[in-house]
Amino acid sequence: MKAIITTPGQKGSVHLGEVGHPSGSGQVQDAAGKVTDPVEVEVVEVGVCGTDLEIANEGYGAPPAGREVLVMGHENLGRVAAVPKGSQLEVGQLVVATVRRPCPERCAPCANGQSDDCLTGNYTERGIKGRDGYMAERYLESEDYLIPLPSRLAKVGVLMEPSSIVEKGLMQAYGIQRHRFPWEPKKALICGAGAIGLLAALFLRLRDLDVYLVAKADADSRSAKVAKEIGAQLLDADQHPVAGLAKELGNLDLVFEATGVSAVAMAAIAATGHDGVCCLSSVTAGARTVTVDADALNLDMVLGNKLVFGTVNANRTHFEAAARMLGSAVRRWPGVVEEIISRRVPAESFQDAFQRQADDIKTVITFAGG
Ligand SMILES: [Zn+2]
Ligand SMILES: [Zn+2]
């Protein structure tokens with residue numbers, strides 16, 4: 001079958017190639033580590049994100065043990081093609097698979113179904129680290145890692161993986177904050193208006209917050225259109241630098257940082273309001289340094305009872321919550337969530353999907369199953 005393959009560490013090695021059909025390759029491990037019969041899934045579409053571009057262009061990623069090549073892709077949407085005996089899933093049902101698998105040591109979080117919080121770092125990730133991804137015609141997986149989706153999410157289901165990451169951050173922000181004191185957030189700032197930023201805006205508007213998005217985005221961009229339709233206010237980062245936003249907007253109860261720029265992350269921490277929470281989600285793999293006003297930052301965090309935390313990846317609970325949020329968003333703003341998917345490209349033209357174009361938000365590669 002056809003798959004988009006790369007040799008991690010070898011720039012420019014991404015190509016559409018042939019790999020063995022997964023049916024022949026037998027069994028998979030379930031969440032408890034038991035070898036079990038797999039569900040076979042026909043891939044509908046797979047989103048491309050910064051991580052994929054890093055794997056393709058910067059030598060990030062790792063192939064499965066004993067191999068040189070890796071099937072790419074982690075932001076998946078598929079349809080069940082075959083089920084083992086006793087499965088709760090039905091053939092034809094839409095599903096999305098989680099990405100991370102537990103470490104072999106089964107650290108405490110991994111043993112508890114929370115490999116997103118793995119302590120050893122020896123987890124694997126489909127399409128990223130040590131496991132083939134979903135940019136293929138079909139894949140096999142344990143039912144434990146497959147989340148069924150209602151058919152009304154068919155057009156936006158490929159946004160589930162980034163949605164799960166956003167929803168994990170927000171669930172944790174609410175969970176921690178409400179553990180500290182009665183927290184009734186009113187105002188949120190989101191840094192970045194890419195797919196993650198816009199999904200955060202959607203899910204915070206669903207929670208009835210006043211939402212401000214600060215980003216380098218034109219007023220007539222696709223991101224601006226989405227923001228407007230959901231009642232979020234987009235601020236041009238050149239005219240409204242994050243450092244000045246606390247003064248401009250008043251007390252920010254929640255700040256969600258998703259620009260990929262560490263200097264903005266530092267400013268986001270400083271912009272967080274009294275009794276507020278700052279959720280950092282940018283993976284900044286570079287080595288940039290910035291100067292911060294440490295006395296002021298520390299004093300402000302102490303006197304303001306501020307909380308800052310980082311978040312990465314997501315587990316089944318967050319995927320299930322994200323499916324509910326996406327469902328609510330689709331009902332409340334018909335046609336708007338789809339706008340986040342700016343381009344769909346067939347697998348044969350995958351190179352186009354790996355090339356960023358003006359006004360891209362989320363580019364998606366479609367497979368035969370679509
Ligand atoms: Zn991604
Ligand atoms: Zn672990």
# chains A, B, ... in the order shown; residues from 1 in each chain; ligands from 1
call {"tool": "residues_around", "arguments": {"residues": "Ala108 in chain A", "least_positions_apart": "5", "cutoff": "10 Å", "atoms": "only C-alpha atoms", "output": "list in words"}}
result
Gly113, Gln114, Ser115, Asp117, Cys118, Leu119 and Thr120 of chain A
call {"tool": "residues_near_ligand", "arguments": {"ligand": "ligand 1", "cutoff": "6 Å", "atoms": "only C-alpha atoms and all ligand atoms", "output": "ChimeraX atom specification"}}
result
/A:49,51,75
call {"tool": "write_last_selection", "arguments": {"atoms": "C-alpha atoms", "output": "PDB file, in the first residue's frame"}}
result
ATOM      1  CA  CYS A  49       1.802  20.437  11.434  1.00  0.00           C
ATOM      2  CA  THR A  51       6.309  18.675  13.881  1.00  0.00           C
ATOM      3  CA  GLU A  75      -3.044  14.090  13.052  1.00  0.00           C
TER       4      GLU A  75
END
call {"tool": "residues_around", "arguments": {"residues": "Ala270 in chain A", "least_positions_apart": "6", "cutoff": "10 Å", "atoms": "only C-alpha atoms", "output": "list of chain:residue names"}}
result
A:Val242, A:Ala243, A:Gly244, A:Leu245, A:Ala246, A:Val255, A:Val264, A:Cys278, A:Val292, A:Asp293, A:Ala296, A:Leu297, A:Asn298, A:Asp300, A:Met301, A:Lys306
call {"tool": "residues_around", "arguments": {"residues": "Glu141 in chain A", "least_positions_apart": "3", "cutoff": "12 Å", "atoms": "only C-alpha atoms", "output": "PyMOL selection string"}}
result
chain A and resi 22-23+25-31+35-42+78+80-84+95-99+101+126+131-134+138+144-147
call {"tool": "write_last_selection", "arguments": {"atoms": "C-alpha atoms", "output": "JSON list (two decimals), in the first residue's frame"}}
result
[["chain", "number", "residue", "atom", "x", "y", "z"],
["A", 22, "PRO", "CA", -0.76, -3.87, 7.43],
["A", 23, "SER", "CA", -3.19, -6.81, 7.44],
["A", 25, "SER", "CA", 1.54, -7.90, 10.07],
["A", 26, "GLY", "CA", -0.69, -9.41, 12.72],
["A", 27, "GLN", "CA", -1.14, -8.26, 16.25],
["A", 28, "VAL", "CA", -0.80, -5.09, 18.34],
["A", 29, "GLN", "CA", -0.40, -4.24, 22.02],
["A", 30, "ASP", "CA", -3.37, -2.95, 23.98],
["A", 31, "ALA", "CA", -3.13, -0.26, 26.68],
["A", 35, "VAL", "CA", -0.82, -8.63, 22.63],
["A", 36, "THR", "CA", -4.21, -8.48, 20.96],
["A", 37, "ASP", "CA", -5.99, -8.60, 17.60],
["A", 38, "PRO", "CA", -6.04, -5.19, 15.92],
["A", 39, "VAL", "CA", -8.69, -2.98, 14.43],
["A", 40, "GLU", "CA", -7.84, -2.18, 10.81],
["A", 41, "VAL", "CA", -8.46, 1.43, 9.85],
["A", 42, "GLU", "CA", -8.69, 2.95, 6.39],
["A", 78, "GLY", "CA", -9.96, 7.20, 9.52],
["A", 80, "VAL", "CA", -12.89, 1.30, 10.56],
["A", 81, "ALA", "CA", -12.27, -1.34, 7.86],
["A", 82, "ALA", "CA", -12.16, -4.52, 9.96],
["A", 83, "VAL", "CA", -12.71, -5.36, 13.63],
["A", 84, "PRO", "CA", -11.63, -8.27, 15.81],
["A", 95, "VAL", "CA", -12.27, 6.96, 14.32],
["A", 96, "VAL", "CA", -9.24, 8.94, 15.37],
["A", 97, "ALA", "CA", -6.20, 7.31, 16.97],
["A", 98, "THR", "CA", -4.18, 8.79, 19.82],
["A", 99, "VAL", "CA", -0.48, 9.36, 19.13],
["A", 101, "ARG", "CA", 2.22, 4.87, 23.44],
["A", 126, "ARG", "CA", 3.07, 7.20, 15.96],
["A", 131, "ARG", "CA", 6.39, 4.03, 15.51],
["A", 132, "ASP", "CA", 4.89, 4.32, 12.04],
["A", 133, "GLY", "CA", 2.34, 7.08, 11.58],
["A", 134, "TYR", "CA", -0.93, 7.44, 9.75],
["A", 138, "ARG", "CA", -4.37, 1.77, 6.20],
["A", 144, "ASP", "CA", -7.82, 1.04, 23.34],
["A", 145, "TYR", "CA", -6.22, 3.84, 21.31],
["A", 146, "LEU", "CA", -9.13, 4.49, 18.92],
["A", 147, "ILE", "CA", -11.76, 7.12, 19.67]]
call {"tool": "select_by_dssp", "arguments": {"residues": "range 55-282 of chain A", "states": "alpha helix (DSSP H)", "output": "ChimeraX atom specification"}}
result
/A:55-57,108-111,160-180,195-206,222-229,245-249,262-271
call {"tool": "residues_around", "arguments": {"residues": "Leu199 in chain A", "least_positions_apart": "6", "cutoff": "9 Å", "atoms": "only C-alpha atoms", "output": "ChimeraX atom specification"}}
result
/A:159,162-163,166-167,193,326,337,340
call {"tool": "residues_around", "arguments": {"residues": "range 219-221 of chain A", "least_positions_apart": "2", "cutoff": "9 Å", "atoms": "only C-alpha atoms", "output": "ChimeraX atom specification"}}
result
/A:217,223-226,234-236,359
call {"tool": "closest_residue", "arguments": {"among": "A:Leu206, A:Met1, A:Ala111, A:Val290", "to": "ligand 2", "atoms": "only C-alpha atoms and all ligand atoms"}}
result
A:Ala111
call {"tool": "closest_residue", "arguments": {"among": "A:Ser262, A:Ile5, A:Thr124, A:Gln239", "to": "Thr289 in chain A", "atoms": "only C-alpha atoms"}}
result
A:Ser262
call {"tool": "residues_around", "arguments": {"residues": "range 321-324 of chain A", "least_positions_apart": "5", "cutoff": "12 Å", "atoms": "only C-alpha atoms", "output": "number ranges by chain"}}
result
A: 94-96, 98, 147-154, 156-171, 199-200, 202-203, 206, 314-316, 329-331
call {"tool": "atom_distance", "arguments": {"atom1": "CA of Gly335 in chain A", "atom2": "CA of Gln355 in chain A"}}
result
25.6 Å
call {"tool": "atom_distance", "arguments": {"atom1": "CA of Leu280 in chain A", "atom2": "CA of Val308 in chain A"}}
result
7.5 Å
call {"tool": "atom_distance", "arguments": {"atom1": "CA of Ser349 in chain A", "atom2": "CA of Lys362 in chain A"}}
result
15.9 Å
call {"tool": "select_by_dssp", "arguments": {"residues": "range 219-310 of chain A", "states": "strand (DSSP E or B)", "output": "MDAnalysis selection string"}}
result
chainID A and resid 233:236 254:257 277:280 307:310
call {"tool": "closest_residue", "arguments": {"among": "A:Val43, A:Cys107, A:Leu303, A:Ala294", "to": "ligand 2", "atoms": "only C-alpha atoms and all ligand atoms"}}
result
A:Cys107
call {"tool": "closest_residue", "arguments": {"among": "A:Met325, A:Ala265, A:Val302, A:Leu16", "to": "Ala201 in chain A", "atoms": "only C-alpha atoms"}}
result
A:Met325
call {"tool": "decode", "arguments": {"residues": "range 66-90 of chain A", "atoms": "N, CA and C atoms", "output": "mmCIF file, in the first residue's frame"}}
result
data_model
loop_
_atom_site.group_PDB
_atom_site.id
_atom_site.type_symbol
_atom_site.label_atom_id
_atom_site.label_comp_id
_atom_site.auth_asym_id
_atom_site.auth_seq_id
_atom_site.Cartn_x
_atom_site.Cartn_y
_atom_site.Cartn_z
ATOM 1 N N GLY A 66 15.225 -0.945 14.591
ATOM 2 C CA GLY A 66 15.682 -1.875 13.571
ATOM 3 C C GLY A 66 15.360 -1.466 12.145
ATOM 4 N N ARG A 67 14.799 -0.255 11.976
ATOM 5 C CA ARG A 67 14.457 0.210 10.628
ATOM 6 C C ARG A 67 15.060 1.580 10.374
ATOM 7 N N GLU A 68 15.129 1.965 9.096
ATOM 8 C CA GLU A 68 15.645 3.305 8.789
ATOM 9 C C GLU A 68 14.546 4.278 8.423
ATOM 10 N N VAL A 69 13.413 3.728 7.971
ATOM 11 C CA VAL A 69 12.352 4.621 7.497
ATOM 12 C C VAL A 69 11.175 4.666 8.456
ATOM 13 N N LEU A 70 10.476 5.789 8.382
ATOM 14 C CA LEU A 70 9.321 6.049 9.250
ATOM 15 C C LEU A 70 8.154 6.482 8.371
ATOM 16 N N VAL A 71 6.987 5.871 8.585
ATOM 17 C CA VAL A 71 5.766 6.388 7.952
ATOM 18 C C VAL A 71 5.350 7.612 8.759
ATOM 19 N N MET A 72 5.147 8.727 8.061
ATOM 20 C CA MET A 72 4.876 9.994 8.754
ATOM 21 C C MET A 72 3.409 10.134 9.161
ATOM 22 N N GLY A 73 3.112 11.213 9.885
ATOM 23 C CA GLY A 73 1.732 11.615 10.153
ATOM 24 C C GLY A 73 1.196 11.205 11.506
ATOM 25 N N HIS A 74 0.654 12.179 12.248
ATOM 26 C CA HIS A 74 0.041 11.851 13.535
ATOM 27 C C HIS A 74 -1.363 12.430 13.691
ATOM 28 N N GLU A 75 -1.721 13.454 12.888
ATOM 29 C CA GLU A 75 -3.044 14.090 13.052
ATOM 30 C C GLU A 75 -4.038 13.388 12.125
ATOM 31 N N ASN A 76 -4.617 12.302 12.620
ATOM 32 C CA ASN A 76 -5.318 11.372 11.730
ATOM 33 C C ASN A 76 -6.829 11.401 11.832
ATOM 34 N N LEU A 77 -7.450 10.940 10.745
ATOM 35 C CA LEU A 77 -8.890 10.627 10.733
ATOM 36 C C LEU A 77 -9.063 9.411 9.826
ATOM 37 N N GLY A 78 -9.786 8.410 10.322
ATOM 38 C CA GLY A 78 -9.959 7.204 9.524
ATOM 39 C C GLY A 78 -11.333 6.595 9.686
ATOM 40 N N ARG A 79 -11.509 5.492 8.983
ATOM 41 C CA ARG A 79 -12.774 4.773 9.012
ATOM 42 C C ARG A 79 -12.454 3.304 9.287
ATOM 43 N N VAL A 80 -13.166 2.693 10.197
ATOM 44 C CA VAL A 80 -12.893 1.301 10.564
ATOM 45 C C VAL A 80 -13.148 0.389 9.353
ATOM 46 N N ALA A 81 -12.141 -0.430 9.004
ATOM 47 C CA ALA A 81 -12.266 -1.340 7.858
ATOM 48 C C ALA A 81 -12.508 -2.777 8.311
ATOM 49 N N ALA A 82 -11.957 -3.163 9.448
ATOM 50 C CA ALA A 82 -12.160 -4.522 9.958
ATOM 51 C C ALA A 82 -11.981 -4.510 11.464
ATOM 52 N N VAL A 83 -12.782 -5.322 12.156
ATOM 53 C CA VAL A 83 -12.706 -5.357 13.631
ATOM 54 C C VAL A 83 -12.475 -6.786 14.113
ATOM 55 N N PRO A 84 -11.770 -6.932 15.235
ATOM 56 C CA PRO A 84 -11.632 -8.274 15.809
ATOM 57 C C PRO A 84 -12.935 -8.679 16.501
ATOM 58 N N LYS A 85 -13.028 -9.956 16.830
ATOM 59 C CA LYS A 85 -14.225 -10.469 17.521
ATOM 60 C C LYS A 85 -14.431 -9.730 18.847
ATOM 61 N N GLY A 86 -15.670 -9.370 19.133
ATOM 62 C CA GLY A 86 -15.985 -8.739 20.415
ATOM 63 C C GLY A 86 -15.728 -7.249 20.447
ATOM 64 N N SER A 87 -15.362 -6.651 19.307
ATOM 65 C CA SER A 87 -15.058 -5.210 19.271
ATOM 66 C C SER A 87 -16.312 -4.372 19.497
ATOM 67 N N GLN A 88 -16.119 -3.208 20.148
ATOM 68 C CA GLN A 88 -17.218 -2.254 20.338
ATOM 69 C C GLN A 88 -17.373 -1.374 19.099
ATOM 70 N N LEU A 89 -16.386 -1.399 18.216
ATOM 71 C CA LEU A 89 -16.424 -0.546 17.026
ATOM 72 C C LEU A 89 -17.148 -1.268 15.893
ATOM 73 N N GLU A 90 -17.641 -0.459 14.952
ATOM 74 C CA GLU A 90 -18.335 -1.041 13.801
ATOM 75 C C GLU A 90 -17.588 -0.673 12.533
#
